[in-house]
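K.L.:
Got a structure for you, written out below as structure tokens; questions coming shortly.
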Amino acid sequence: MSKGRFIVFEGLDGSGKGTQISLLADEMKKRGRKVYVTAEPTSSSTGGMIRDALGGFVKRDAFELSALFLADRIFHNVNPKNGIKFFIEQGIDVICDRYYYSSFAYQGIDADLDWVMDMNLNCREIIRPDLCIFLDADIDSCDERIEKNRFDREIYENKEMQRKIRNRFFEVFEKLGDSENIKIVNAAREIPEVLADIIKIYDSIKEK
Ligand code: TYD
């Protein structure tokens, strides 16, 4: 049996990841694939600690937060009931809303970027995605979407921080070069147009 594919979506808060993930999942199912959609931070107990920090209820040092995301990501990979590896091994495709690229871009600002990258990329239990789709939209439209959809803002959800994070994402993609399969999609367009590009990219990853 062939293994499932592992696809990650990245982008700023409010870039439309949730919408495009569910549309791509529907499209993949139409093509006969089995799909499991997941997200980070997870709903594990570590994920709960992370959410408290993101909400500003508990203050955490950037290095500490990076380590919490790392622990949550290891759990997300190896959890025997609904971990990423479990599904991939069974031939089920996994789509994940955020992965280690977010740790690089968000924690990589206040913590040491090389250390965050090293911890994640050199951890045997953390698998590499077959594809990372980065939904790129301008800061103002992301901010409008956050305003419409959220009751409270998380610690990173202000324009100045989002601008830094967007720049960091691009620096990180440059640093990673060809070692990762990263595709940047212009997400400041109508939903069907963005989806059409995503499907084309999806079709380009070969059956494993
Ligand atoms: P969340 O509100 O779940 O959703 P969305 O991805 O739709 O914005 O936010 C997750 C937050 O966690 C987001 O602000 C990015 C942040 N994050 C990190 O800082 N580092 C990480 O490694 C991950 C996975 C997420």
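As shown in the structure tokens, the chain order sets the letters A, B, ...; within each chain, residues go from 1, and ligands are also counted from 1 in the order they appear.
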If the limit is 6 Å from any atom of ligand 1, counting only C-alpha atoms and all ligand atoms, which residues qualify? Return them as a PyMOL selection string.
P.N.:
chain A and resi 13+40-41+69+98-100+102-103+106-107+156
K.L.:
Measuring atom to atom with only C-alpha atoms, identify which of A:Glu193, A:Ala111, A:Arg168, A:Cys123 is nearest to A:Arg60.
P.N.:
A:Ala111
K.L.:
Quick check for you: according to DSSP on this backbone, which residues of stretch 45-136 of chain A are classed as strand (DSSP E)? Reply as a ChimeraX atom specification.
P.N.:
/A:93-97,131-136
K.L.:
Just how far from atom CA of A:Lys34 is atom CA of A:Asp93, in Å to one decimal?
P.N.:
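Computing the Euclidean distance for atom CA of A:Asp93 and atom CA of A:Lys34 yields 6.0 Å.
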K.L.:
Excluding A:Gly83 and residues on its chain fewer than 6 positions from it, collect all residues at most 10 Å away from it, counting only C-alpha atoms, and give them as a PyMOL selection string.
P.N.:
chain A and resi 38+73-77+94
K.L.:
Name the residues in contact with A:Asn149 at a cut-off of 12 Å, using only C-alpha atoms, excluding same-chain residues fewer than 6 positions from it; report them as a list in words.
P.N.:
Asp13, Gly14, Ser15, Gly16, Gly18, Cys142 and Asp143 of chain A
K.L.:
Between A:Ala71, A:Leu23, A:Ile7, A:Met28, which residue has the minimum interatomic distance to A:Met119, considering only C-alpha atoms?
P.N.:
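Ranking A:Ala71, A:Leu23, A:Ile7, A:Met28 by distance to A:Met119, first place goes to A:Ala71.
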K.L.:
Could you give me, as a list in words, the residues within 12 Å of A:Arg31, counting only C-alpha atoms and dropping anything in the same chain fewer than 4 positions from it?
P.N.:
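Contacts, with the query itself left out: Leu24, Ala25, Asp26, Glu27, Val35, Asp93, Ile199, Tyr202 and Asp203 of chain A.
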K.L.:
Can those selected residues be exported to a file as a PDB file, in the first residue's frame so that it contains C-alpha atoms?
P.N.:
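File written: part.pdb
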```
ATOM      1  CA  LEU A  24      -8.869  21.222  -1.021  1.00  0.00           C
ATOM      2  CA  ALA A  25      -9.874  18.339   1.267  1.00  0.00           C
ATOM      3  CA  ASP A  26     -13.247  18.107  -0.575  1.00  0.00           C
ATOM      4  CA  GLU A  27     -11.453  18.101  -3.929  1.00  0.00           C
ATOM      5  CA  VAL A  35      -8.043  12.810   3.903  1.00  0.00           C
ATOM      6  CA  ASP A  93      -3.432  12.014   3.198  1.00  0.00           C
ATOM      7  CA  ILE A 199      -5.280  22.222  -6.919  1.00  0.00           C
ATOM      8  CA  TYR A 202      -1.537  19.480  -5.415  1.00  0.00           C
ATOM      9  CA  ASP A 203      -1.702  17.638  -8.743  1.00  0.00           C
TER      10      ASP A 203
END
```
K.L.:
Do a neighbour search on A:Ile109 at 12 Å with only C-alpha atoms, toss out local chain neighbours closer than 3 positions, and write the hits as a JSON list (two decimals) with all heavy atoms, in the first residue's frame.
P.N.:
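Generated file (result_26.json):
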```
[["chain", "number", "residue", "atom", "x", "y", "z"],
["A", 61, "ASP", "N", 8.32, 32.94, 27.94],
["A", 61, "ASP", "CA", 9.50, 33.35, 27.19],
["A", 61, "ASP", "C", 9.45, 32.71, 25.80],
["A", 61, "ASP", "O", 8.89, 31.62, 25.64],
["A", 61, "ASP", "CB", 10.72, 32.84, 28.00],
["A", 61, "ASP", "CG", 12.00, 33.07, 27.26],
["A", 61, "ASP", "OD1", 12.51, 34.18, 27.35],
["A", 61, "ASP", "OD2", 12.47, 32.12, 26.60],
["A", 62, "ALA", "N", 10.01, 33.38, 24.79],
["A", 62, "ALA", "CA", 9.95, 32.88, 23.41],
["A", 62, "ALA", "C", 10.61, 31.51, 23.26],
["A", 62, "ALA", "O", 10.16, 30.68, 22.47],
["A", 62, "ALA", "CB", 10.59, 33.89, 22.47],
["A", 63, "PHE", "N", 11.67, 31.27, 24.02],
["A", 63, "PHE", "CA", 12.36, 29.97, 23.94],
["A", 63, "PHE", "C", 11.47, 28.88, 24.55],
["A", 63, "PHE", "O", 11.37, 27.77, 24.02],
["A", 63, "PHE", "CB", 13.70, 30.02, 24.67],
["A", 63, "PHE", "CG", 14.75, 30.78, 23.92],
["A", 63, "PHE", "CD1", 14.79, 32.16, 23.96],
["A", 63, "PHE", "CD2", 15.69, 30.10, 23.15],
["A", 63, "PHE", "CE1", 15.77, 32.87, 23.26],
["A", 63, "PHE", "CE2", 16.67, 30.80, 22.45],
["A", 63, "PHE", "CZ", 16.69, 32.19, 22.51],
["A", 65, "LEU", "N", 8.21, 29.01, 24.74],
["A", 65, "LEU", "CA", 7.09, 28.79, 23.82],
["A", 65, "LEU", "C", 7.54, 27.91, 22.64],
["A", 65, "LEU", "O", 6.80, 27.02, 22.21],
["A", 65, "LEU", "CB", 6.57, 30.16, 23.34],
["A", 65, "LEU", "CG", 5.19, 30.20, 22.68],
["A", 65, "LEU", "CD1", 4.12, 29.52, 23.52],
["A", 65, "LEU", "CD2", 4.78, 31.64, 22.40],
["A", 66, "SER", "N", 8.75, 28.13, 22.15],
["A", 66, "SER", "CA", 9.27, 27.29, 21.04],
["A", 66, "SER", "C", 9.33, 25.83, 21.47],
["A", 66, "SER", "O", 9.01, 24.93, 20.69],
["A", 66, "SER", "CB", 10.70, 27.70, 20.67],
["A", 66, "SER", "OG", 10.78, 29.06, 20.44],
["A", 102, "SER", "N", 5.74, 27.77, 10.97],
["A", 102, "SER", "CA", 5.18, 28.80, 11.87],
["A", 102, "SER", "C", 6.09, 29.03, 13.06],
["A", 102, "SER", "O", 6.26, 30.16, 13.51],
["A", 102, "SER", "CB", 3.79, 28.41, 12.37],
["A", 102, "SER", "OG", 2.81, 28.72, 11.42],
["A", 103, "SER", "N", 6.68, 27.95, 13.59],
["A", 103, "SER", "CA", 7.63, 28.14, 14.71],
["A", 103, "SER", "C", 8.80, 29.00, 14.26],
["A", 103, "SER", "O", 9.27, 29.86, 15.00],
["A", 103, "SER", "CB", 8.18, 26.79, 15.20],
["A", 103, "SER", "OG", 7.20, 26.10, 15.91],
["A", 104, "PHE", "N", 9.26, 28.78, 13.01],
["A", 104, "PHE", "CA", 10.41, 29.56, 12.52],
["A", 104, "PHE", "C", 10.02, 31.04, 12.40],
["A", 104, "PHE", "O", 10.76, 31.92, 12.81],
["A", 104, "PHE", "CB", 10.89, 29.06, 11.15],
["A", 104, "PHE", "CG", 11.19, 27.57, 11.08],
["A", 104, "PHE", "CD1", 11.23, 26.90, 9.86],
["A", 104, "PHE", "CD2", 11.45, 26.86, 12.24],
["A", 104, "PHE", "CE1", 11.51, 25.54, 9.80],
["A", 104, "PHE", "CE2", 11.73, 25.49, 12.19],
["A", 104, "PHE", "CZ", 11.75, 24.84, 10.96],
["A", 105, "ALA", "N", 8.82, 31.27, 11.82],
["A", 105, "ALA", "CA", 8.43, 32.65, 11.55],
["A", 105, "ALA", "C", 7.97, 33.40, 12.80],
["A", 105, "ALA", "O", 8.27, 34.57, 12.95],
["A", 105, "ALA", "CB", 7.34, 32.68, 10.49],
["A", 106, "TYR", "N", 7.26, 32.71, 13.68],
["A", 106, "TYR", "CA", 6.70, 33.40, 14.86],
["A", 106, "TYR", "C", 7.70, 33.41, 16.02],
["A", 106, "TYR", "O", 8.05, 34.46, 16.53],
["A", 106, "TYR", "CB", 5.39, 32.74, 15.32],
["A", 106, "TYR", "CG", 4.19, 33.03, 14.43],
["A", 106, "TYR", "CD1", 4.05, 32.43, 13.19],
["A", 106, "TYR", "CD2", 3.18, 33.90, 14.85],
["A", 106, "TYR", "CE1", 2.96, 32.68, 12.38],
["A", 106, "TYR", "CE2", 2.07, 34.15, 14.04],
["A", 106, "TYR", "CZ", 1.97, 33.54, 12.81],
["A", 106, "TYR", "OH", 0.88, 33.79, 12.02],
["A", 112, "ASP", "N", 16.08, 32.33, 19.24],
["A", 112, "ASP", "CA", 17.14, 32.20, 18.24],
["A", 112, "ASP", "C", 16.65, 31.32, 17.08],
["A", 112, "ASP", "O", 16.35, 30.14, 17.27],
["A", 112, "ASP", "CB", 18.35, 31.57, 18.96],
["A", 112, "ASP", "CG", 19.47, 31.26, 18.01],
["A", 112, "ASP", "OD1", 19.63, 32.00, 17.03],
["A", 112, "ASP", "OD2", 20.17, 30.26, 18.23],
["A", 113, "LEU", "N", 16.56, 31.94, 15.89],
["A", 113, "LEU", "CA", 15.99, 31.23, 14.73],
["A", 113, "LEU", "C", 16.74, 29.93, 14.42],
["A", 113, "LEU", "O", 16.11, 28.90, 14.16],
["A", 113, "LEU", "CB", 15.96, 32.15, 13.50],
["A", 113, "LEU", "CG", 15.48, 31.51, 12.20],
["A", 113, "LEU", "CD1", 14.04, 31.01, 12.30],
["A", 113, "LEU", "CD2", 15.61, 32.49, 11.03],
["A", 114, "ASP", "N", 18.07, 29.97, 14.44],
["A", 114, "ASP", "CA", 18.83, 28.76, 14.09],
["A", 114, "ASP", "C", 18.54, 27.63, 15.06],
["A", 114, "ASP", "O", 18.42, 26.46, 14.67],
["A", 114, "ASP", "CB", 20.34, 29.05, 14.08],
["A", 114, "ASP", "CG", 20.71, 29.91, 12.89],
["A", 114, "ASP", "OD1", 19.99, 29.84, 11.87],
["A", 114, "ASP", "OD2", 21.70, 30.66, 12.97],
["A", 115, "TRP", "N", 18.39, 27.99, 16.32],
["A", 115, "TRP", "CA", 18.08, 26.97, 17.34],
["A", 115, "TRP", "C", 16.69, 26.37, 17.11],
["A", 115, "TRP", "O", 16.51, 25.16, 17.16],
["A", 115, "TRP", "CB", 18.17, 27.61, 18.74],
["A", 115, "TRP", "CG", 17.80, 26.72, 19.87],
["A", 115, "TRP", "CD1", 18.53, 25.68, 20.37],
["A", 115, "TRP", "CD2", 16.59, 26.77, 20.65],
["A", 115, "TRP", "NE1", 17.85, 25.09, 21.42],
["A", 115, "TRP", "CE2", 16.66, 25.74, 21.60],
["A", 115, "TRP", "CE3", 15.46, 27.60, 20.61],
["A", 115, "TRP", "CZ2", 15.64, 25.50, 22.52],
["A", 115, "TRP", "CZ3", 14.45, 27.37, 21.53],
["A", 115, "TRP", "CH2", 14.55, 26.33, 22.48],
["A", 116, "VAL", "N", 15.72, 27.24, 16.81],
["A", 116, "VAL", "CA", 14.35, 26.74, 16.57],
["A", 116, "VAL", "C", 14.35, 25.83, 15.34],
["A", 116, "VAL", "O", 13.74, 24.75, 15.34],
["A", 116, "VAL", "CB", 13.34, 27.92, 16.38],
["A", 116, "VAL", "CG1", 11.94, 27.38, 16.13],
["A", 116, "VAL", "CG2", 13.33, 28.84, 17.59],
["A", 156, "TYR", "N", 0.00, 37.73, 18.79],
["A", 156, "TYR", "CA", 0.67, 38.08, 17.54],
["A", 156, "TYR", "C", -0.21, 38.87, 16.59],
["A", 156, "TYR", "O", 0.25, 39.30, 15.53],
["A", 156, "TYR", "CB", 1.11, 36.80, 16.82],
["A", 156, "TYR", "CG", 2.14, 35.99, 17.57],
["A", 156, "TYR", "CD1", 1.87, 34.70, 18.01],
["A", 156, "TYR", "CD2", 3.40, 36.51, 17.82],
["A", 156, "TYR", "CE1", 2.81, 33.95, 18.69],
["A", 156, "TYR", "CE2", 4.36, 35.77, 18.50],
["A", 156, "TYR", "CZ", 4.05, 34.49, 18.93],
["A", 156, "TYR", "OH", 4.99, 33.76, 19.60],
["A", 161, "MET", "N", 3.37, 43.26, 14.26],
["A", 161, "MET", "CA", 3.89, 41.90, 14.45],
["A", 161, "MET", "C", 3.70, 41.08, 13.17],
["A", 161, "MET", "O", 4.60, 40.35, 12.75],
["A", 161, "MET", "CB", 3.12, 41.28, 15.63],
["A", 161, "MET", "CG", 3.83, 40.15, 16.29],
["A", 161, "MET", "SD", 5.41, 40.68, 16.97],
["A", 161, "MET", "CE", 6.27, 39.14, 16.97],
["A", 162, "GLN", "N", 2.52, 41.21, 12.56],
["A", 162, "GLN", "CA", 2.22, 40.43, 11.34],
["A", 162, "GLN", "C", 3.20, 40.79, 10.21],
["A", 162, "GLN", "O", 3.60, 39.95, 9.44],
["A", 162, "GLN", "CB", 0.77, 40.66, 10.90],
["A", 162, "GLN", "CG", -0.27, 40.13, 11.88],
["A", 162, "GLN", "CD", -0.35, 38.60, 11.91],
["A", 162, "GLN", "OE1", -0.45, 37.95, 10.88],
["A", 162, "GLN", "NE2", -0.29, 38.02, 13.09],
["A", 163, "ARG", "N", 3.57, 42.06, 10.15],
["A", 163, "ARG", "CA", 4.52, 42.50, 9.12],
["A", 163, "ARG", "C", 5.88, 41.81, 9.35],
["A", 163, "ARG", "O", 6.49, 41.29, 8.42],
["A", 163, "ARG", "CB", 4.67, 44.03, 9.19],
["A", 163, "ARG", "CG", 5.33, 44.62, 7.98],
["A", 163, "ARG", "CD", 5.04, 46.11, 7.83],
["A", 163, "ARG", "NE", 3.67, 46.39, 7.42],
["A", 163, "ARG", "CZ", 2.79, 47.11, 8.09],
["A", 163, "ARG", "NH1", 3.12, 47.64, 9.24],
["A", 163, "ARG", "NH2", 1.57, 47.29, 7.64],
["A", 164, "LYS", "N", 6.31, 41.77, 10.61],
["A", 164, "LYS", "CA", 7.59, 41.12, 10.93],
["A", 164, "LYS", "C", 7.52, 39.63, 10.61],
["A", 164, "LYS", "O", 8.46, 39.04, 10.09],
["A", 164, "LYS", "CB", 7.87, 41.26, 12.44],
["A", 164, "LYS", "CG", 8.43, 42.58, 12.84],
["A", 164, "LYS", "CD", 8.95, 42.49, 14.28],
["A", 164, "LYS", "CE", 9.17, 43.87, 14.85],
["A", 164, "LYS", "NZ", 9.20, 43.90, 16.30],
["A", 165, "ILE", "N", 6.38, 39.03, 10.95],
["A", 165, "ILE", "CA", 6.22, 37.58, 10.75],
["A", 165, "ILE", "C", 6.25, 37.25, 9.25],
["A", 165, "ILE", "O", 6.90, 36.30, 8.82],
["A", 165, "ILE", "CB", 4.92, 37.07, 11.42],
["A", 165, "ILE", "CG1", 5.05, 37.20, 12.95],
["A", 165, "ILE", "CG2", 4.61, 35.64, 11.04],
["A", 165, "ILE", "CD1", 3.75, 37.10, 13.72],
["A", 166, "ARG", "N", 5.56, 38.08, 8.45],
["A", 166, "ARG", "CA", 5.54, 37.84, 7.00],
["A", 166, "ARG", "C", 6.97, 37.90, 6.45],
["A", 166, "ARG", "O", 7.40, 37.02, 5.68],
["A", 166, "ARG", "CB", 4.65, 38.85, 6.30],
["A", 166, "ARG", "CG", 4.54, 38.63, 4.81],
["A", 166, "ARG", "CD", 3.47, 39.50, 4.18],
["A", 166, "ARG", "NE", 3.39, 39.27, 2.75],
["A", 166, "ARG", "CZ", 4.13, 39.90, 1.85],
["A", 166, "ARG", "NH1", 5.03, 40.79, 2.23],
["A", 166, "ARG", "NH2", 4.00, 39.62, 0.56],
["A", 167, "ASN", "N", 7.73, 38.91, 6.86],
["A", 167, "ASN", "CA", 9.13, 39.01, 6.42],
["A", 167, "ASN", "C", 9.93, 37.80, 6.85],
["A", 167, "ASN", "O", 10.74, 37.28, 6.09],
["A", 167, "ASN", "CB", 9.79, 40.28, 6.99],
["A", 167, "ASN", "CG", 9.21, 41.52, 6.36],
["A", 167, "ASN", "OD1", 8.62, 41.47, 5.28],
["A", 167, "ASN", "ND2", 9.36, 42.66, 7.04],
["A", 168, "ARG", "N", 9.68, 37.36, 8.07],
["A", 168, "ARG", "CA", 10.41, 36.19, 8.60],
["A", 168, "ARG", "C", 10.11, 34.93, 7.78],
["A", 168, "ARG", "O", 10.99, 34.13, 7.50],
["A", 168, "ARG", "CB", 10.01, 35.96, 10.06],
["A", 168, "ARG", "CG", 11.11, 36.14, 11.11],
["A", 168, "ARG", "CD", 12.23, 35.20, 10.92],
["A", 168, "ARG", "NE", 13.53, 35.86, 10.85],
["A", 168, "ARG", "CZ", 14.36, 36.05, 11.87],
["A", 168, "ARG", "NH1", 14.02, 35.66, 13.07],
["A", 168, "ARG", "NH2", 15.51, 36.62, 11.70],
["A", 169, "PHE", "N", 8.83, 34.77, 7.40],
["A", 169, "PHE", "CA", 8.47, 33.60, 6.58],
["A", 169, "PHE", "C", 9.33, 33.58, 5.32],
["A", 169, "PHE", "O", 9.91, 32.56, 4.96],
["A", 169, "PHE", "CB", 6.98, 33.66, 6.18],
["A", 169, "PHE", "CG", 6.05, 32.88, 7.07],
["A", 169, "PHE", "CD1", 5.02, 33.51, 7.75],
["A", 169, "PHE", "CD2", 6.18, 31.50, 7.23],
["A", 169, "PHE", "CE1", 4.14, 32.79, 8.58],
["A", 169, "PHE", "CE2", 5.31, 30.77, 8.05],
["A", 169, "PHE", "CZ", 4.29, 31.43, 8.72],
["A", 171, "GLU", "N", 12.21, 35.08, 4.74],
["A", 171, "GLU", "CA", 13.63, 34.82, 5.06],
["A", 171, "GLU", "C", 13.87, 33.32, 5.27],
["A", 171, "GLU", "O", 14.86, 32.75, 4.84],
["A", 171, "GLU", "CB", 14.01, 35.51, 6.38],
["A", 171, "GLU", "CG", 14.45, 36.93, 6.26],
["A", 171, "GLU", "CD", 14.55, 37.58, 7.63],
["A", 171, "GLU", "OE1", 15.06, 36.94, 8.57],
["A", 171, "GLU", "OE2", 14.07, 38.72, 7.77],
["A", 172, "VAL", "N", 12.93, 32.71, 5.98],
["A", 172, "VAL", "CA", 13.04, 31.29, 6.30],
["A", 172, "VAL", "C", 12.96, 30.44, 5.02],
["A", 172, "VAL", "O", 13.73, 29.51, 4.83],
["A", 172, "VAL", "CB", 11.94, 30.90, 7.32],
["A", 172, "VAL", "CG1", 11.71, 29.41, 7.36],
["A", 172, "VAL", "CG2", 12.27, 31.45, 8.69]]
```
K.L.:
Going by DSSP on the backbone, which bits of chain A are alpha helix (DSSP H)? Write them as a ChimeraX atom specification, please.
P.N.:
/A:17-30,45-54,62-78,84-89,100-102,108-110,113-121,139-149,159-176,191-204
K.L.:
Counting only C-alpha atoms, which of A:Ile126, A:Ile21, A:Cys132, A:Ile88 gets nearest to A:Ile182?
P.N.:
A:Cys132
K.L.:
Contacts of A:Pro129 at 8 Å or less, counting only C-alpha atoms, minus same-chain residues fewer than 2 places along, as a PyMOL selection string?
P.N.:
chain A and resi 5-8+127+131-132+180-181
K.L.:
Restricting the calculation to only C-alpha atoms, which member of A:Ser43, A:Ser179, A:Gln90, A:Asn186 is positioned closest to A:Leu121?
P.N.:
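Checking each candidate against A:Leu121, we get A:Ser179 as the closest.
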